[in-house]
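Peer 1: Dropping the structure in here first, questions after.
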Amino acid sequence: MSDTVRTRFAPSPTGYLHLGGLRTALYTYLLARKAHGKFILRIEDTDQEREVPGAVDLIYKSMHQAGLDYDEGPDIGGDYGPYIQTQRRDLYPKYAWQLVESGHAYCCFCTKEELDAQRREAEAKGETWKYNKKCLHSVSLEEAKRRIAAGESYVIRQNVPLEGKASFDDLLYGHVEVDCSTLDDNVLLKADGLPTYNFANVVDDHLMAITHVTRGTEYLSSAPKYNLLYEAFGWQPPLYLHLPPVMKDSTRKLSKRYGDPSFEDLLAQGYLKEAIINFIALLGWAPKDTNEEIFSMEDLIRLFDERGLNKSPAIFDMNKLTYFNGVYIRRLDPAAYEEIARPWLLKVLPEEGMDLSRLCQLLQGRTEVFSQLPDMVRFLADMPEFSTDLYINKKSKCTLEIAGSALAFIRPVLESIPEWTEEKLHDVVMEAIPESGMKTSQVLWPFRIAITGQAATPGGAFEMAYLLGRQETLRRLDASAQKLRLVLPETQNA
RNA sequence: GCCUCCAUGGUCAAGCGGUCAAGACGCUGCCCUCUCAAGGCAGAAUCAUGGGUUCGAUUCCCAUUGGAGGUGCCA
């Protein structure tokens, strides 16, 4: 066996790829790539009842979208296949029986109903239920084989010692040790012939020559038990790296049920995969010797070090993800930005009649999430209703009266503009303003309000006027000026 | 209940016996500016609590509290 690092991401196909899973996959990928090793995808579908149709394809898709390309996997093959556990079903009994023969496991004929009753009883008394090893003692191997041959249903259980300690060493959590007396004789091979996770993970990780086992901390307390299995087989245990969960808040995990987004959801909302990956990498991990936070996948491969991981669960902060997304959007090539932004803009804007490229230029620096775009530009398609109070601006020293004068002043100036370009708009208006006796902002603020109806717009008055075009600008200006006159009768009379 | 694990600002975090306890997001103020955004500057905000160990604890140990996970023929 070579000393090549081999890591694996082993999801069960029970739904979409959630962000905690994505992060586990990312770290697993990074671990392999950093060591120039192999990254493997394995599907753990031994629970046939919980399997969700289509989930496997969704996993492939998400992995590819995230840029987590694996070297071996169900859809691409490899030397250690198959990579779907149900397709490996014939492998497991052999290993289970090996343990039965060596006394590390035994056949159990107790029914689920009997066991459930016992469990409920123990629970009622406030005790922890453990299987009492009844079948280990009362059924000999010969009898077991006879009953099985006769068609009786059975499972194979791990024979955990009653005394002593079981332990393992984790790259993050260090030495974890438990008393065997607290461990239960878990089922290794189910009545349907398929292995449980407890067994399949050990067999497959060994058979697939996995060197680093990464998984969530939900396996932390059962990992000592898995090591018992490695010992029973005489196999070298892998290096373990358990990862804390990603939380919605301090007590709840991120979950679809509460409307928390999955990776797919975030992509659909207009988050860039690079931003998501970058942010998620930093959730519970920090690189050494740098305060930088913006990292490409290549950077992450270079920088990743499991010693930088935090042992505590991390709370997913949408705010910061959005900030990262803004950073990545600003770094986009303008053409790339436009390609992504266009469909969002077309949800509210007509395809023709407006310089969308120019609009995109203005928008790029102000976009945090693409899904915000329609709301940001809707006013360009339809002049919103707005209160004349909007004209009042302390900083621009603008009052309703000044606004009225400004609109009256700018109307003929606009008409005099020979060519409706941003440059001409700017030059002509700026040159004229001093004649008005008003300050620049006292003219431009009301002008922009009058043609956009919004306090904040993705660009200044000239940009907005340019985008709207001469005709629409003048139309909006006149309509707004008219409305303003109604609330300013005295000014009108003066 | 029992077992395992965890604990630095609101959030992500650096720290690894002696620091004025980095940095980022968010928040507040200022600057820039025809609005917003971006950018620049400044500010508020943290070592869960109680015991030890030590000349000295955020850092080491113990307890408490809080939280997470496990306790399935689920993974």
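Going through the structure tokens in order, the chains are called A, B, and so on, while each chain numbers its residues from 1 and the ligands are numbered from 1 in the order shown.
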Write out, as a tab-separated table, each residue of chain B that has an atom at most 7 Å from chain A, together with the closest pair of atoms and their distance in Å to one decimal, counting only C-alpha atoms (C1' of nucleotides), rows going by chain and rising number.
Peer 2:
```
residue	atom	partner	partner_atom	distance
B:G1	C1'	A:Gly126	CA	5.6
B:C2	C1'	A:Thr128	CA	6.3
B:C3	C1'	A:Thr182	CA	6.5
B:U4	C1'	A:Ser221	CA	5.0
B:C6	C1'	A:Ser312	CA	5.4
B:U11	C1'	A:Asp317	CA	6.2
B:C12	C1'	A:Leu283	CA	6.1
B:G23	C1'	A:Asn291	CA	5.5
B:C25	C1'	A:Lys320	CA	4.8
B:C34	C1'	A:Leu444	CA	4.8
B:U35	C1'	A:Ala456	CA	5.0
B:C36	C1'	A:Ala456	CA	4.6
B:A37	C1'	A:Arg366	CA	4.8
B:A38	C1'	A:Gly365	CA	6.4
B:G67	C1'	A:Thr251	CA	6.8
B:G69	C1'	A:Glu218	CA	5.1
B:G70	C1'	A:Ser221	CA	5.9
B:C73	C1'	A:Lys190	CA	4.8
B:C74	C1'	A:Asp47	CA	6.9
B:A75	C1'	A:Tyr197	CA	6.2
```
Peer 1: Quick one: pick out all alpha helix (DSSP H) residues within stretch 321-359 of chain A from a backbone DSSP run and write them as a PyMOL selection string.
Peer 2: chain A and resi 321-331+334-345+356-359
Peer 1: Please, could you write that set of residues out with C-alpha atoms as a PDB file, in the first residue's frame?
Peer 2:
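And here is the file that came out, again-v6.pdb:
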```pdb
ATOM      1  CA  LEU A 321     -21.743  35.843   3.246  1.00  0.00           C
ATOM      2  CA  THR A 322     -23.473  38.726   1.537  1.00  0.00           C
ATOM      3  CA  TYR A 323     -20.467  40.920   2.143  1.00  0.00           C
ATOM      4  CA  PHE A 324     -18.210  38.298   0.583  1.00  0.00           C
ATOM      5  CA  ASN A 325     -20.557  38.058  -2.355  1.00  0.00           C
ATOM      6  CA  GLY A 326     -20.308  41.802  -2.866  1.00  0.00           C
ATOM      7  CA  VAL A 327     -16.545  41.573  -2.863  1.00  0.00           C
ATOM      8  CA  TYR A 328     -16.593  38.818  -5.463  1.00  0.00           C
ATOM      9  CA  ILE A 329     -19.133  40.626  -7.594  1.00  0.00           C
ATOM     10  CA  ARG A 330     -17.003  43.749  -7.660  1.00  0.00           C
ATOM     11  CA  ARG A 331     -14.048  41.662  -8.784  1.00  0.00           C
ATOM     12  CA  PRO A 334     -17.595  43.608 -16.377  1.00  0.00           C
ATOM     13  CA  ALA A 335     -18.670  41.328 -19.186  1.00  0.00           C
ATOM     14  CA  ALA A 336     -19.116  38.452 -16.766  1.00  0.00           C
ATOM     15  CA  TYR A 337     -21.099  40.684 -14.473  1.00  0.00           C
ATOM     16  CA  GLU A 338     -23.366  41.754 -17.283  1.00  0.00           C
ATOM     17  CA  GLU A 339     -23.992  38.201 -18.339  1.00  0.00           C
ATOM     18  CA  ILE A 340     -25.157  37.243 -14.873  1.00  0.00           C
ATOM     19  CA  ALA A 341     -27.009  40.481 -14.173  1.00  0.00           C
ATOM     20  CA  ARG A 342     -28.926  40.744 -17.436  1.00  0.00           C
ATOM     21  CA  PRO A 343     -31.537  38.068 -16.746  1.00  0.00           C
ATOM     22  CA  TRP A 344     -32.241  39.648 -13.386  1.00  0.00           C
ATOM     23  CA  LEU A 345     -32.633  43.088 -14.940  1.00  0.00           C
ATOM     24  CA  LEU A 356     -28.191  48.037 -20.146  1.00  0.00           C
ATOM     25  CA  SER A 357     -24.446  47.760 -20.421  1.00  0.00           C
ATOM     26  CA  ARG A 358     -24.076  51.191 -18.904  1.00  0.00           C
ATOM     27  CA  LEU A 359     -26.593  50.270 -16.262  1.00  0.00           C
TER      28      LEU A 359
END
```
Peer 1: Counting only C-alpha atoms (C1' of nucleotides), what is within 6 Å of stretch 378-384 of chain A, bar same-chain residues fewer than 4 positions away, as a list in words?
Peer 2: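 Answer for this query is Val348, Leu349, Pro374 and Gly453 of chain A.
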Peer 1: Store the residues picked out above, limited to C-alpha atoms, as a compact mmCIF listing (two decimals), in the first residue's frame.
Peer 2:
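Saved to selection_20.txt:
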```
# COMPACT_ATOMS: atom_id res chain seq x y z
CA VAL A 348 -38.42 44.30 -14.74
CA LEU A 349 -36.84 46.18 -17.62
CA PRO A 374 -34.99 43.89 -9.90
CA GLY A 453 -38.75 59.16 -7.29
```
Peer 1: For the atom pair atom CA of A:Arg23 and atom CA of A:Leu309, what is the interatomic distance in Å to one decimal place?
Peer 2: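 It comes out at 11.9 Å.
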Peer 1: Tell me, as an MDAnalysis selection string, which residues lie within 12 Å of B:C62, counting only C-alpha atoms (C1' of nucleotides); anything in the same chain fewer than 3 positions away does not count.
Peer 2: chainID B and resid 50:53
Peer 1: Hey, which of A:Gln98, A:His104, A:Ser255, A:Thr421 ends up closest to A:Gly15? Count only C-alpha atoms.
Peer 2: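 Checking each candidate against A:Gly15, we get A:Ser255 as the closest.
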Peer 1: Determine, counting only C-alpha atoms (C1' of nucleotides), which protein, DNA and RNA residues have an atom within 12 Å of an atom of B:U65; residues of the same chain fewer than 4 positions away are not included. Present the result as a compact mmCIF listing (two decimals) with N, CA and C atoms (P, O5', C5', C4', C3', O3' and C1' of nucleotides), in the first residue's frame.
Peer 2:
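Writing the result to result.txt gives the following:
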```txt
# COMPACT_ATOMS: atom_id res chain seq x y z
P A B 7 -13.31 25.11 23.50
O5' A B 7 -14.48 26.14 23.90
C5' A B 7 -15.17 26.86 22.82
C4' A B 7 -16.06 27.91 23.47
C3' A B 7 -15.26 28.89 24.34
O3' A B 7 -15.31 30.26 24.02
C1' A B 7 -16.89 27.66 25.65
P A B 48 -14.90 33.18 28.63
O5' A B 48 -15.98 33.71 29.69
C5' A B 48 -17.01 34.60 29.29
C4' A B 48 -18.20 34.39 30.18
C3' A B 48 -17.83 34.17 31.64
O3' A B 48 -17.75 35.40 32.33
C1' A B 48 -19.28 32.43 30.92
P U B 49 -16.62 35.57 33.49
O5' U B 49 -17.27 34.76 34.69
C5' U B 49 -18.51 35.17 35.25
C4' U B 49 -18.90 34.20 36.34
C3' U B 49 -17.79 33.90 37.33
O3' U B 49 -17.72 34.88 38.35
C1' U B 49 -18.78 31.89 36.63
P G B 50 -16.31 35.10 39.13
O5' G B 50 -16.20 33.77 39.98
C5' G B 50 -17.13 33.52 41.02
C4' G B 50 -16.81 32.20 41.67
C3' G B 50 -15.35 32.01 42.02
O3' G B 50 -15.01 32.65 43.23
C1' G B 50 -16.15 30.07 40.96
```
Peer 1: Using only C-alpha atoms (C1' of nucleotides), which residue out of B:G72, B:G43, B:G10, B:G66 lies closest to B:G29?
Peer 2: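 The closest residue to B:G29 is B:G43.
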Peer 1: Looking only at the backbone, which of the residues in stretch 267-372 of chain A does DSSP tag as strand (DSSP E or B), as a ChimeraX atom specification?
Peer 2: /A:285,309,314-315
Peer 1: Identify which of the residues A:Ala117, A:Ile276, A:Leu30, A:Ile451 lies closest to A:Asp299, counting only C-alpha atoms when measuring atom-to-atom distances.
Peer 2: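 Answer, going by the shortest atom-to-atom distance: A:Leu30.
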